[in-house]
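Enquirer: What follows is the file target34.tsv, containing TSV, C-alpha atoms and all ligand atoms:
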```tsv
chain	number	residue	atom	x	y	z
S	373	MET	CA	18.83	-3.22	9.09
S	374	ILE	CA	16.03	-4.11	6.80
S	375	GLY	CA	13.93	-7.22	7.14
S	376	LEU	CA	12.52	-8.78	4.03
S	377	LEU	CA	9.52	-10.98	3.58
S	378	ARG	CA	8.17	-12.39	0.40
S	379	ASP	CA	5.84	-14.96	-0.93
S	380	GLY	CA	7.28	-17.63	-3.15
S	381	ILE	CA	5.60	-16.54	-6.34
S	382	GLU	CA	6.58	-12.86	-6.38
S	383	PRO	CA	10.33	-12.71	-5.75
S	384	ALA	CA	11.00	-10.97	-9.04
S	385	VAL	CA	9.91	-7.46	-8.07
S	386	ILE	CA	11.74	-7.66	-4.76
S	387	ALA	CA	14.96	-8.71	-6.50
S	388	GLU	CA	14.77	-5.52	-8.56
S	389	ALA	CA	13.87	-3.40	-5.54
S	390	LEU	CA	16.96	-4.74	-3.76
S	391	LYS	CA	19.07	-4.09	-6.84
S	392	VAL	CA	18.07	-0.43	-6.64
S	393	LEU	CA	18.45	-0.30	-2.85
S	394	GLY	CA	21.97	-1.70	-3.25
S	395	GLU	CA	22.90	1.32	-5.37
S	396	VAL	CA	21.89	3.86	-2.73
S	397	VAL	CA	22.60	2.02	0.52
S	398	PRO	CA	25.21	-0.62	-0.33
S	399	ALA	CA	25.79	-1.28	3.36
S	400	ALA	CA	22.17	-2.08	4.18
S	401	GLU	CA	21.94	-5.17	6.35
S	402	ILE	CA	19.23	-7.37	4.94
S	403	THR	CA	17.66	-10.41	6.55
S	404	ARG	CA	15.52	-12.53	4.32
S	405	TYR	CA	12.65	-14.54	5.75
S	406	ASP	CA	11.06	-17.12	3.53
S	407	LEU	CA	7.47	-16.99	4.56
S	408	GLY	CA	4.38	-17.56	2.52
S	409	ALA	CA	2.89	-20.36	0.48
S	410	ALA	CA	5.94	-22.60	0.26
S	411	ARG	CA	6.62	-22.50	4.00
S	412	TRP	CA	2.95	-23.02	4.85
S	413	HIS	CA	2.77	-26.09	2.61
S	414	ALA	CA	6.00	-27.48	4.03
S	415	THR	CA	5.50	-26.77	7.73
S	416	GLY	CA	2.04	-25.31	8.29
S	417	GLU	CA	3.72	-22.19	9.65
S	418	LEU	CA	2.56	-18.70	8.74
S	419	LEU	CA	4.39	-16.27	11.03
S	420	PRO	CA	6.30	-18.05	13.81
S	421	GLU	CA	6.69	-16.07	17.04
S	422	SER	CA	10.47	-16.24	16.70
S	423	VAL	CA	10.31	-14.57	13.27
S	424	LEU	CA	7.93	-11.92	14.52
S	425	GLY	CA	10.30	-11.23	17.41
S	426	GLU	CA	13.23	-10.86	15.02
S	427	LEU	CA	11.25	-8.63	12.70
S	428	ARG	CA	10.54	-6.31	15.61
S	429	GLN	CA	14.30	-5.71	15.88
S	430	HIS	CA	14.57	-4.45	12.31
S	431	ASP	CA	14.42	-0.81	11.28
S	432	ALA	CA	11.90	-1.49	8.54
S	433	ILE	CA	10.34	-4.32	6.59
S	434	LEU	CA	10.02	-4.70	2.84
S	435	LEU	CA	7.36	-7.10	1.68
S	436	GLY	CA	6.81	-8.32	-1.88
S	437	ALA	CA	3.36	-9.87	-1.80
S	438	VAL	CA	1.50	-12.70	-0.19
S	439	GLY	CA	-1.17	-14.91	-1.64
S	440	ASP	CA	-1.11	-18.07	-3.70
S	441	PRO	CA	-3.84	-19.94	-5.57
S	442	SER	CA	-2.69	-23.20	-3.94
S	443	VAL	CA	-3.58	-21.88	-0.47
S	444	PRO	CA	-7.19	-21.30	0.57
S	445	SER	CA	-8.07	-17.63	0.30
S	446	GLY	CA	-7.37	-15.69	3.49
S	447	ILE	CA	-4.90	-18.07	5.14
S	448	LEU	CA	-1.79	-16.23	4.04
S	449	GLU	CA	-3.47	-12.84	3.84
S	450	ARG	CA	-4.78	-13.00	7.40
S	451	GLY	CA	-2.11	-15.21	8.95
S	452	LEU	CA	0.84	-13.32	7.54
S	453	LEU	CA	0.14	-9.92	6.03
S	454	LEU	CA	-2.69	-8.74	8.29
S	455	ARG	CA	-1.10	-10.33	11.33
S	456	LEU	CA	2.04	-8.25	10.68
S	457	ARG	CA	-0.02	-5.09	10.23
S	458	PHE	CA	-1.88	-5.75	13.48
S	459	GLU	CA	1.04	-7.00	15.59
S	460	LEU	CA	3.22	-4.08	14.50
S	461	ASP	CA	0.37	-1.60	14.91
S	462	HIS	CA	0.50	-0.30	11.35
S	463	HIS	CA	-2.36	2.08	11.84
S	464	VAL	CA	-1.50	4.45	9.00
S	465	ASN	CA	-1.54	2.77	5.61
S	466	LEU	CA	-0.04	5.40	3.35
S	467	ARG	CA	-0.82	5.09	-0.34
S	468	PRO	CA	0.35	7.91	-2.61
S	469	ALA	CA	-1.06	8.02	-6.15
S	470	ARG	CA	0.57	10.37	-8.59
S	471	LEU	CA	0.32	10.55	-12.36
S	472	TYR	CA	3.97	10.88	-13.37
S	473	PRO	CA	4.82	12.83	-16.53
S	474	GLY	CA	4.93	10.48	-19.50
S	475	VAL	CA	2.69	7.85	-17.91
S	476	ARG	CA	-0.50	7.06	-19.77
S	477	SER	CA	-3.62	7.14	-17.67
S	478	PRO	CA	-6.62	5.18	-18.98
S	479	LEU	CA	-8.52	8.46	-18.61
S	480	ALA	CA	-8.98	10.25	-21.93
S	481	ASP	CA	-7.91	13.67	-20.72
S	482	PRO	CA	-6.32	13.25	-17.30
S	483	PRO	CA	-5.71	16.27	-15.11
S	484	GLU	CA	-2.71	16.56	-12.83
S	485	ILE	CA	-3.16	13.83	-10.24
S	486	ASP	CA	-1.19	13.87	-7.00
S	487	MET	CA	-2.98	12.45	-4.00
S	488	VAL	CA	-2.21	10.52	-0.86
S	489	VAL	CA	-4.71	8.09	0.55
S	490	VAL	CA	-4.35	7.67	4.31
S	491	ARG	CA	-6.05	4.37	4.87
S	492	GLU	CA	-6.72	3.21	8.41
S	493	GLY	CA	-4.74	0.00	8.85
S	494	THR	CA	-5.73	-1.89	11.96
S	495	GLU	CA	-9.51	-1.70	12.32
S	496	GLY	CA	-12.70	-1.78	10.25
S	497	PRO	CA	-13.93	-5.09	8.91
S	498	TYR	CA	-10.30	-6.25	8.78
S	499	ALA	CA	-10.27	-6.66	12.57
S	500	GLY	CA	-11.59	-10.19	12.12
S	501	ASN	CA	-14.64	-9.77	14.28
S	502	GLY	CA	-17.18	-12.00	12.64
S	503	GLY	CA	-18.32	-15.54	12.31
S	504	LEU	CA	-20.55	-18.17	10.78
S	505	LEU	CA	-23.69	-19.35	12.48
S	506	ARG	CA	-25.70	-22.40	11.46
S	507	LYS	CA	-22.97	-23.35	9.01
S	508	ASP	CA	-24.01	-25.66	6.18
S	509	THR	CA	-27.69	-25.14	6.82
S	510	PRO	CA	-30.07	-23.17	4.60
S	511	HIS	CA	-30.09	-20.58	7.39
S	512	GLU	CA	-26.38	-19.96	7.54
S	513	ILE	CA	-25.44	-16.49	8.78
S	514	ALA	CA	-22.11	-14.83	8.06
S	515	THR	CA	-21.08	-11.67	9.87
S	516	GLU	CA	-18.08	-9.38	9.45
S	517	VAL	CA	-18.24	-6.67	12.08
S	518	SER	CA	-16.47	-3.40	11.35
S	519	ILE	CA	-14.61	-2.17	14.41
S	520	ASN	CA	-14.05	1.59	14.70
S	521	THR	CA	-12.59	2.90	17.96
S	522	SER	CA	-12.32	6.58	18.75
S	523	PHE	CA	-8.63	5.96	19.54
S	524	GLY	CA	-8.05	4.28	16.17
S	525	VAL	CA	-10.03	6.78	14.14
S	526	GLU	CA	-8.54	9.78	15.87
S	527	ARG	CA	-4.92	8.77	15.38
S	528	VAL	CA	-5.33	8.17	11.66
S	529	VAL	CA	-7.37	11.34	11.17
S	530	ARG	CA	-4.72	13.35	13.03
S	531	ASP	CA	-2.04	11.87	10.80
S	532	ALA	CA	-4.03	12.70	7.66
S	533	PHE	CA	-4.55	16.31	8.76
S	534	ALA	CA	-0.84	16.69	9.51
S	535	ARG	CA	0.02	15.36	6.05
S	536	ALA	CA	-2.55	17.64	4.41
S	537	ALA	CA	-1.22	20.66	6.33
S	538	ALA	CA	2.27	19.94	4.99
S	539	ARG	CA	1.18	19.78	1.33
S	540	PRO	CA	0.71	22.80	-0.94
S	541	ARG	CA	-3.04	22.36	-1.47
S	542	ARG	CA	-3.90	21.58	2.16
S	543	HIS	CA	-7.08	19.77	1.30
S	544	LEU	CA	-8.50	16.74	3.06
S	545	THR	CA	-11.38	14.53	1.93
S	546	LEU	CA	-13.05	12.12	4.30
S	547	VAL	CA	-14.46	9.16	2.37
S	548	HIS	CA	-17.00	7.00	4.14
S	549	LYS	CA	-20.57	5.79	3.83
S	550	THR	CA	-22.20	7.82	6.57
S	551	ASN	CA	-25.62	7.50	4.97
S	552	VAL	CA	-25.72	3.76	5.67
S	553	LEU	CA	-22.95	2.97	8.16
S	554	THR	CA	-24.41	5.51	10.56
S	555	HIS	CA	-22.59	4.39	13.71
S	556	ALA	CA	-19.08	4.30	12.29
S	557	GLY	CA	-19.94	7.21	10.01
S	558	SER	CA	-20.91	9.41	12.91
S	559	LEU	CA	-17.68	8.60	14.73
S	560	TRP	CA	-15.51	9.35	11.70
S	561	SER	CA	-17.37	12.59	10.92
S	562	ARG	CA	-17.19	13.82	14.50
S	563	VAL	CA	-13.48	13.10	14.78
S	564	VAL	CA	-12.74	14.85	11.48
S	565	GLU	CA	-14.73	17.86	12.64
S	566	GLU	CA	-12.94	17.98	15.98
S	567	VAL	CA	-9.45	17.62	14.55
S	568	SER	CA	-10.23	20.17	11.83
S	569	LEU	CA	-10.55	22.82	14.53
S	570	GLN	CA	-6.82	22.47	15.12
S	571	HIS	CA	-6.12	22.82	11.39
S	572	PRO	CA	-8.03	25.87	10.20
S	573	ASP	CA	-5.58	26.03	7.26
S	574	VAL	CA	-6.79	22.68	5.88
S	575	THR	CA	-10.00	22.65	3.83
S	576	VAL	CA	-12.19	19.64	4.42
S	577	ALA	CA	-14.58	17.81	2.11
S	578	TYR	CA	-16.69	14.73	2.57
S	579	GLN	CA	-17.74	12.12	0.00
S	580	HIS	CA	-19.64	8.89	0.19
S	581	VAL	CA	-17.42	6.10	-1.07
S	582	ASP	CA	-19.66	5.26	-4.02
S	583	ALA	CA	-19.51	8.86	-5.23
S	584	ALA	CA	-15.77	8.89	-4.61
S	585	THR	CA	-15.33	6.09	-7.16
S	586	ILE	CA	-17.09	8.30	-9.73
S	587	HIS	CA	-14.90	11.28	-8.99
S	588	MET	CA	-11.77	9.17	-8.87
S	589	VAL	CA	-12.44	8.51	-12.57
S	590	THR	CA	-14.10	11.73	-13.75
S	591	ASP	CA	-12.20	14.28	-11.68
S	592	PRO	CA	-9.28	12.71	-9.76
S	593	GLY	CA	-7.43	16.03	-9.73
S	594	ARG	CA	-9.74	17.19	-6.96
S	595	TYR	CA	-8.08	14.93	-4.38
S	596	ASP	CA	-5.14	15.92	-2.24
S	597	VAL	CA	-5.27	13.84	0.95
S	598	ILE	CA	-8.01	11.28	1.43
S	599	VAL	CA	-8.63	9.74	4.82
S	600	THR	CA	-10.78	6.65	4.98
S	601	ASP	CA	-11.36	3.34	6.67
S	602	ASN	CA	-9.51	0.12	6.02
S	603	LEU	CA	-11.84	-1.46	3.46
S	604	PHE	CA	-12.79	1.67	1.54
S	605	GLY	CA	-9.11	2.56	1.42
S	606	ASP	CA	-8.22	-0.84	0.00
S	607	ILE	CA	-10.70	-0.49	-2.84
S	608	LEU	CA	-10.06	3.19	-3.57
S	609	THR	CA	-6.31	2.73	-3.80
S	610	ASP	CA	-6.52	0.06	-6.49
S	611	LEU	CA	-8.69	2.52	-8.42
S	612	ALA	CA	-6.32	5.40	-7.70
S	613	ALA	CA	-3.46	3.21	-8.94
S	614	ALA	CA	-5.37	2.36	-12.11
S	615	VAL	CA	-6.04	6.00	-13.03
S	616	THR	CA	-2.42	6.95	-12.39
S	617	GLY	CA	-0.96	4.41	-14.78
S	618	GLY	CA	-1.49	1.04	-13.21
S	619	ILE	CA	-1.04	-1.13	-10.19
S	620	GLY	CA	2.55	-1.86	-11.21
S	621	LEU	CA	3.49	1.67	-10.13
S	622	ALA	CA	1.68	1.94	-6.78
S	623	ALA	CA	3.73	1.89	-3.58
S	624	SER	CA	2.61	1.88	0.03
S	625	GLY	CA	3.77	2.13	3.60
S	626	ASN	CA	2.16	0.43	6.57
S	627	MET	CA	3.25	2.75	9.31
S	628	ASP	CA	3.36	2.76	13.04
S	629	VAL	CA	3.79	6.51	13.17
S	630	THR	CA	4.73	6.34	16.86
S	631	ARG	CA	7.82	4.38	15.72
S	632	ARG	CA	7.43	1.84	18.49
S	633	ASN	CA	7.41	-0.86	15.83
S	634	PRO	CA	9.10	-1.13	12.44
S	635	SER	CA	6.97	0.08	9.57
S	636	MET	CA	6.45	-2.15	6.55
S	637	PHE	CA	6.64	-1.10	2.92
S	638	GLU	CA	5.10	-2.98	0.04
S	639	PRO	CA	3.63	-2.54	-3.39
S	640	VAL	CA	-0.15	-2.05	-3.35
S	641	HIS	CA	-0.48	-4.99	-5.70
S	642	GLY	CA	-0.61	-8.66	-4.78
S	643	SER	CA	1.22	-11.73	-5.96
S	644	ALA	CA	-0.27	-11.49	-9.48
S	645	PRO	CA	-0.61	-15.23	-10.08
S	646	ASP	CA	-1.88	-14.56	-13.59
S	647	ILE	CA	1.53	-13.26	-14.70
S	648	ALA	CA	3.83	-14.89	-12.14
S	649	GLY	CA	6.92	-16.57	-13.55
S	650	GLN	CA	6.68	-14.76	-16.88
S	651	GLY	CA	9.24	-12.10	-16.03
S	652	ILE	CA	6.88	-9.29	-17.01
S	653	ALA	CA	5.75	-7.89	-13.64
S	654	ASP	CA	6.57	-4.22	-13.26
S	655	PRO	CA	8.95	-3.81	-10.30
S	656	THR	CA	8.41	-0.03	-10.13
S	657	ALA	CA	5.90	-0.25	-7.27
S	658	ALA	CA	8.38	-2.28	-5.23
S	659	VAL	CA	11.17	0.20	-6.07
S	660	LEU	CA	9.00	3.16	-5.04
S	661	SER	CA	8.18	1.28	-1.83
S	662	VAL	CA	11.91	1.26	-1.10
S	663	ALA	CA	11.89	5.02	-1.62
S	664	LEU	CA	9.09	5.36	0.95
S	665	LEU	CA	11.01	3.08	3.31
S	666	LEU	CA	14.18	5.14	3.06
S	667	ASP	CA	12.28	8.36	3.55
S	668	HIS	CA	10.74	6.91	6.69
S	669	LEU	CA	14.20	6.00	7.98
S	670	GLY	CA	15.40	9.56	7.43
S	671	GLU	CA	17.42	8.69	4.32
S	672	HIS	CA	15.77	11.52	2.44
S	673	GLU	CA	18.46	12.03	-0.19
S	674	SER	CA	18.55	8.33	-1.11
S	675	SER	CA	14.79	8.25	-1.26
S	676	ARG	CA	14.72	11.32	-3.47
S	677	ARG	CA	17.30	9.81	-5.82
S	678	ILE	CA	15.20	6.70	-6.28
S	679	GLU	CA	12.02	8.66	-6.90
S	680	ALA	CA	13.76	10.97	-9.35
S	681	SER	CA	15.14	7.97	-11.22
S	682	VAL	CA	11.70	6.38	-11.41
S	683	ALA	CA	10.24	9.68	-12.63
S	684	PHE	CA	12.95	9.94	-15.29
S	685	ASP	CA	12.42	6.36	-16.41
S	686	LEU	CA	8.65	6.81	-16.57
S	687	ALA	CA	9.05	10.00	-18.60
S	688	THR	CA	11.28	8.26	-21.13
S	689	ARG	CA	9.94	4.70	-21.02
S	690	ASP	CA	8.28	3.02	-24.00
S	691	HIS	CA	5.04	2.29	-22.17
S	692	GLN	CA	3.85	-0.18	-24.82
S	693	SER	CA	6.82	-2.42	-24.10
S	694	PRO	CA	8.45	-1.26	-20.85
S	695	GLY	CA	10.80	-4.25	-20.78
S	696	ALA	CA	11.12	-7.34	-18.63
S	697	THR	CA	11.07	-7.11	-14.85
S	698	TYR	CA	14.85	-7.37	-14.62
S	699	ALA	CA	15.37	-4.88	-17.46
S	700	ILE	CA	13.28	-2.23	-15.71
S	701	GLY	CA	15.22	-2.92	-12.52
S	702	ASP	CA	18.52	-2.63	-14.40
S	703	ARG	CA	17.48	0.70	-15.87
S	704	LEU	CA	16.37	2.07	-12.52
S	705	ALA	CA	19.53	0.86	-10.80
S	706	ALA	CA	21.68	2.47	-13.50
S	707	LEU	CA	19.76	5.74	-13.23
S	708	VAL	CA	20.08	5.76	-9.47
S	709	SER	CA	23.78	5.05	-9.63
S	710	SER	CA	24.35	7.86	-12.13
S	711	ASN	CA	22.28	10.06	-9.82
S	712	VAL	CA	20.04	11.40	-12.53
S	713	ARG	CA	18.18	14.49	-11.53
S	714	THR	CA	14.96	15.33	-13.26
S	715	GLY	CA	14.28	18.55	-11.43
H	801	LIG	P1	-3.06	-8.55	-7.76
H	801	LIG	O1	-2.71	-7.17	-7.35
H	801	LIG	O2	-2.08	-9.61	-7.46
H	801	LIG	O3	-3.34	-8.56	-9.35
H	801	LIG	C1	-4.36	-7.75	-9.95
H	801	LIG	C2	-3.99	-7.51	-11.42
H	801	LIG	O4	-2.88	-6.62	-11.48
H	801	LIG	C3	-3.56	-8.77	-12.15
H	801	LIG	O5	-4.06	-8.74	-13.47
H	801	LIG	C4	-2.05	-8.70	-12.14
H	801	LIG	O6	-1.44	-9.36	-13.23
H	801	LIG	C5	-1.80	-7.19	-12.20
H	801	LIG	N1	-0.55	-6.84	-11.54
H	801	LIG	C6	-0.31	-6.91	-10.20
H	801	LIG	N2	0.95	-6.53	-9.93
H	801	LIG	C7	1.52	-6.21	-11.12
H	801	LIG	C8	2.81	-5.74	-11.50
H	801	LIG	N3	3.79	-5.52	-10.59
H	801	LIG	N4	3.05	-5.53	-12.81
H	801	LIG	C9	2.09	-5.72	-13.72
H	801	LIG	N5	0.83	-6.16	-13.42
H	801	LIG	C10	0.56	-6.41	-12.14
H	801	LIG	O7	-4.49	-8.86	-7.11
H	801	LIG	P2	-5.34	-10.21	-7.09
H	801	LIG	O8	-5.19	-10.93	-8.39
H	801	LIG	O9	-6.66	-9.81	-6.62
H	801	LIG	O10	-4.70	-11.07	-5.94
H	801	LIG	C11	-3.73	-12.11	-6.15
H	801	LIG	C12	-3.26	-12.61	-4.81
H	801	LIG	O11	-2.51	-11.60	-4.14
H	801	LIG	C13	-4.39	-12.97	-3.84
H	801	LIG	O12	-3.97	-14.09	-3.11
H	801	LIG	C14	-4.51	-11.76	-2.94
H	801	LIG	O13	-5.05	-12.07	-1.68
H	801	LIG	C15	-3.08	-11.34	-2.85
H	801	LIG	N6	-2.87	-9.92	-2.58
H	801	LIG	C16	-1.83	-9.61	-1.74
H	801	LIG	C17	-1.52	-8.29	-1.52
H	801	LIG	C18	-0.35	-7.97	-0.65
H	801	LIG	O14	0.48	-8.80	-0.39
H	801	LIG	N7	-0.24	-6.74	-0.15
H	801	LIG	C19	-2.24	-7.28	-2.16
H	801	LIG	C20	-3.28	-7.63	-3.01
H	801	LIG	C21	-3.58	-8.96	-3.22
H	802	LIG	C1	-3.69	-4.79	0.02
H	802	LIG	C2	-4.30	-6.15	-0.07
H	802	LIG	C3	-4.61	-6.68	1.32
H	802	LIG	C4	-5.65	-5.74	1.94
H	802	LIG	C5	-5.10	-8.13	1.37
H	802	LIG	C6	-4.21	-9.06	0.62
H	802	LIG	C7	-5.27	-8.57	2.79
H	802	LIG	O1	-5.43	-6.13	-0.89
H	802	LIG	O2	-2.63	-4.66	0.65
H	802	LIG	O3	-4.23	-3.86	-0.58
H	802	LIG	O4	-6.84	-5.91	1.70
H	802	LIG	O5	-5.22	-4.84	2.67
H	803	MN	MN	-5.71	-4.26	-1.92
```
I'd like the structure from this file rewritten - as structure tokens, please.

Expert:
Amino acid sequence: MIGLLRDGIEPAVIAEALKVLGEVVPAAEITRYDLGAARWHATGELLPESVLGELRQHDAILLGAVGDPSVPSGILERGLLLRLRFELDHHVNLRPARLYPGVRSPLADPPEIDMVVVREGTEGPYAGNGGLLRKDTPHEIATEVSINTSFGVERVVRDAFARAAARPRRHLTLVHKTNVLTHAGSLWSRVVEEVSLQHPDVTVAYQHVDAATIHMVTDPGRYDVIVTDNLFGDILTDLAAAVTGGIGLAASGNMDVTRRNPSMFEPVHGSAPDIAGQGIADPTAAVLSVALLLDHLGEHESSRRIEASVAFDLATRDHQSPGATYAIGDRLAALVSSNVRTG
């Protein structure tokens, strides 16, 4: 059973993702929950307890995007998306970034790029520990406290090492800002060092996040697995998406790797209000998110078929005019149904 959430202004990419899902798992039981801007305007509700309870019963969740210019910034993002990530303990935010053959990177001479960013998902400045003092005075103070627990850091670092150990290059980069964020930085560095002792086969590097943005552009081929905190991971993965052909291709999984709660899969991108309603959003990120979802549920063959179809489409696509949202979805669905193999 697959639960589905979406915001009102980005149903198009989810429609295509479901089209493709329907080709590989026609019997999937799908529950749709209309949450987001429209519901908030109509009822003031963001994520009712009853909906959260029902979502917990699902095997996985597919989310399109939240966020709408008509709603004050942060209401939907915190009240819906982040609340789901926190309530369902999505501590591993998995964000692969691969430059597929045929895809044009904005880099002049791109190397092979195939990395996975393991972004911590439940802590950091996202934890909501902050406040305003002396509001509306000239001495107003705003704080956003970054929370880093040894439990939270260790579990995501362990996950990242395990993923690195299972990949051919077995290389892990910790990205942080240990030269300024000395408290959190020391915790992250210590944990990486400790866990590395159990993975002598994985080589470890460290980069400050500012330098990582340079290398993400000048030498992205150096990255294999990156482990980093919630905020750095958010920023780095938009950049990683950009250098691998654009945000329209970037998929993600918000995982509770203990499997006590359903994991949630979503494109890295948001609701794209600047192009909403024009029928031009690329649904590929949403389709690849379905592939991640199926892989997580053990449907490896279905997942592989979807990824192979995306790879084939990207290799043969006219990238200047890739087609309308529905046309890309139609192509991918047709490829999946004919079970194209690209090797
Ligand atoms: P965004 O990702 O929505 O858009 C950034 C840029 O990428 C825009 O120019 C947009 O047109 C383009 N883009 C995004 N998705 C695309 C696609 N599938 N195909 C082609 N182009 C695409 O980020 P933003 O503009 O900063 O945020 C818009 C809203 O979305 C905000 O409310 C934000 O909080 C929210 N948001 C939600 C999520 C999420 O639900 N996971 C993620 C990011 C942003
Ligand atoms: C993302 C988004 C979210 C984040 C926002 C909308 C809360 O940017 O999924 O990357 O910062 O995690
Ligand atoms: Mn983001």

Enquirer: Which is closest to ligand LIG 801 (chain H) among S:Leu434, S:Leu448, S:Leu546, S:Val597, if we use all atoms listed in the file?

Expert: S:Leu448

Enquirer: Set the cut-off to 7 Å, count all atoms listed in the file, and list whatever residues fall near ligand LIG 802 (chain H) as a compact mmCIF listing (two decimals) with C-alpha atoms, in the frame of the given file.

Expert:
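The file below, result-v4.txt, is the result:
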```txt
# COMPACT_ATOMS: atom_id res chain seq x y z
CA VAL S 438 1.50 -12.70 -0.19
CA GLY S 439 -1.17 -14.91 -1.64
CA GLU S 449 -3.47 -12.84 3.84
CA ARG S 450 -4.78 -13.00 7.40
CA LEU S 453 0.14 -9.92 6.03
CA LEU S 454 -2.69 -8.74 8.29
CA LEU S 603 -11.84 -1.46 3.46
CA ASP S 606 -8.22 -0.84 0.00
CA VAL S 640 -0.15 -2.05 -3.35
CA HIS S 641 -0.48 -4.99 -5.70
CA GLY S 642 -0.61 -8.66 -4.78
```

Enquirer: Find the residues of chain S that sit at most 7 Å from ligand LIG 801 (chain H); for each, write down the nearest two atoms and how far apart they are in Å, to one decimal. Count all atoms listed in the file. Sort by chain, then by number going up, and give it as a tab-separated table.

Expert:
```
residue	atom	partner	partner_atom	distance
S:Val385	CA	H:LIG801	N3	6.9
S:Gly436	CA	H:LIG801	O14	6.5
S:Ala437	CA	H:LIG801	O14	3.4
S:Val438	CA	H:LIG801	O14	4.0
S:Gly439	CA	H:LIG801	O12	3.3
S:Asp440	CA	H:LIG801	O12	4.9
S:Pro441	CA	H:LIG801	O12	6.3
S:Ser445	CA	H:LIG801	O12	6.4
S:Gly446	CA	H:LIG801	O13	6.7
S:Glu449	CA	H:LIG801	O13	5.8
S:Leu453	CA	H:LIG801	O14	6.5
S:Ile619	CA	H:LIG801	N2	5.8
S:Gly620	CA	H:LIG801	C8	3.9
S:Glu638	CA	H:LIG801	N7	6.5
S:Pro639	CA	H:LIG801	N7	6.6
S:Val640	CA	H:LIG801	N7	5.7
S:His641	CA	H:LIG801	O1	3.5
S:Gly642	CA	H:LIG801	O2	3.2
S:Ser643	CA	H:LIG801	O11	4.2
S:Ala644	CA	H:LIG801	O2	3.3
S:Pro645	CA	H:LIG801	C11	5.9
S:Asp646	CA	H:LIG801	O6	5.2
S:Ile647	CA	H:LIG801	O6	5.1
S:Ile652	CA	H:LIG801	N4	6.8
S:Ala653	CA	H:LIG801	N4	3.7
S:Asp654	CA	H:LIG801	N4	3.8
S:Pro655	CA	H:LIG801	N3	5.4
S:Ala657	CA	H:LIG801	N3	6.6
```

Enquirer: Hey, which of S:Thr585, S:Arg467, S:Thr550, S:Pro473 ends up closest to ligand MN 803 (chain H)? Count only C-alpha atoms and all ligand atoms.

Expert: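 Answer, going by the shortest atom-to-atom distance: S:Arg467.
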
Enquirer: Would you pick out the contacts of Val564 in chain S at 9 Å or less, using all atoms listed in the file, so that residues sharing its chain but fewer than 2 positions from it are not included, and give the list as an mmCIF file with C-alpha atoms, keeping the file's coordinate frame?

Expert:
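Saved file part.cif follows:
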```cif
data_model
loop_
_atom_site.group_PDB
_atom_site.id
_atom_site.type_symbol
_atom_site.label_atom_id
_atom_site.label_comp_id
_atom_site.auth_asym_id
_atom_site.auth_seq_id
_atom_site.Cartn_x
_atom_site.Cartn_y
_atom_site.Cartn_z
ATOM 1 C CA VAL S 525 -10.030 6.780 14.140
ATOM 2 C CA GLU S 526 -8.540 9.780 15.870
ATOM 3 C CA VAL S 529 -7.370 11.340 11.170
ATOM 4 C CA ARG S 530 -4.720 13.350 13.030
ATOM 5 C CA PHE S 533 -4.550 16.310 8.760
ATOM 6 C CA LEU S 546 -13.050 12.120 4.300
ATOM 7 C CA LEU S 559 -17.680 8.600 14.730
ATOM 8 C CA TRP S 560 -15.510 9.350 11.700
ATOM 9 C CA SER S 561 -17.370 12.590 10.920
ATOM 10 C CA ARG S 562 -17.190 13.820 14.500
ATOM 11 C CA GLU S 566 -12.940 17.980 15.980
ATOM 12 C CA VAL S 567 -9.450 17.620 14.550
ATOM 13 C CA SER S 568 -10.230 20.170 11.830
ATOM 14 C CA LEU S 569 -10.550 22.820 14.530
ATOM 15 C CA VAL S 576 -12.190 19.640 4.420
#
```

Enquirer: I need the residue nearest ligand MN 803 (chain H) from this list: S:Gly557, S:Gly605, S:Gly670, S:Pro420. Use all atoms listed in the file for the distance.

Expert: S:Gly605

Enquirer: Select all residues near (14.2, 8.7, -2.3) (cut-off 8 Å, inclusive, file coordinates), counting only C-alpha atoms, and output them as a list of chain:residue names.

Expert: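 Residues with an atom close enough to that point: S:Val662, S:Ala663, S:Leu664, S:Leu666, S:Asp667, S:Glu671, S:His672, S:Glu673, S:Ser674, S:Ser675, S:Arg676, S:Arg677, S:Ile678, S:Glu679, S:Ala680.
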
Enquirer: To one decimal in Å, tell me the separation between CA of Pro483 in chain S and CA of Gly593 in chain S.

Expert: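 Computing the Euclidean distance for CA of Pro483 in chain S and CA of Gly593 in chain S yields 5.7 Å.
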
Enquirer: From the set S:Gly701, S:Pro694, S:Gly649, S:Pro468, which residue has the shortest atom-to-atom contact distance to Tyr595 in chain S, counting only C-alpha atoms?

Expert: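 Of the candidates, the smallest distance to Tyr595 in chain S is held by S:Pro468.
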
Enquirer: With the input short on atoms, add N, CA and C atoms back to range 648-652 of chain S and write it as a short mmCIF file (atom, residue, chain, number, x, y, z; two decimals), in the frame of the given file.

Expert:
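Output below, filename part.cif:
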```
data_model
loop_
_atom_site.label_atom_id
_atom_site.label_comp_id
_atom_site.auth_asym_id
_atom_site.auth_seq_id
_atom_site.Cartn_x
_atom_site.Cartn_y
_atom_site.Cartn_z
N ALA S 648 2.65 -14.45 -12.88
CA ALA S 648 3.83 -14.89 -12.14
C ALA S 648 4.69 -15.83 -12.98
N GLY S 649 5.99 -15.68 -12.85
CA GLY S 649 6.92 -16.57 -13.55
C GLY S 649 7.17 -16.18 -15.00
N GLN S 650 6.49 -15.15 -15.48
CA GLN S 650 6.68 -14.76 -16.88
C GLN S 650 7.73 -13.68 -17.06
N GLY S 651 8.20 -13.13 -15.94
CA GLY S 651 9.24 -12.10 -16.03
C GLY S 651 8.73 -10.77 -16.56
N ILE S 652 7.42 -10.53 -16.45
CA ILE S 652 6.88 -9.29 -17.01
C ILE S 652 6.28 -8.36 -15.96
#
```
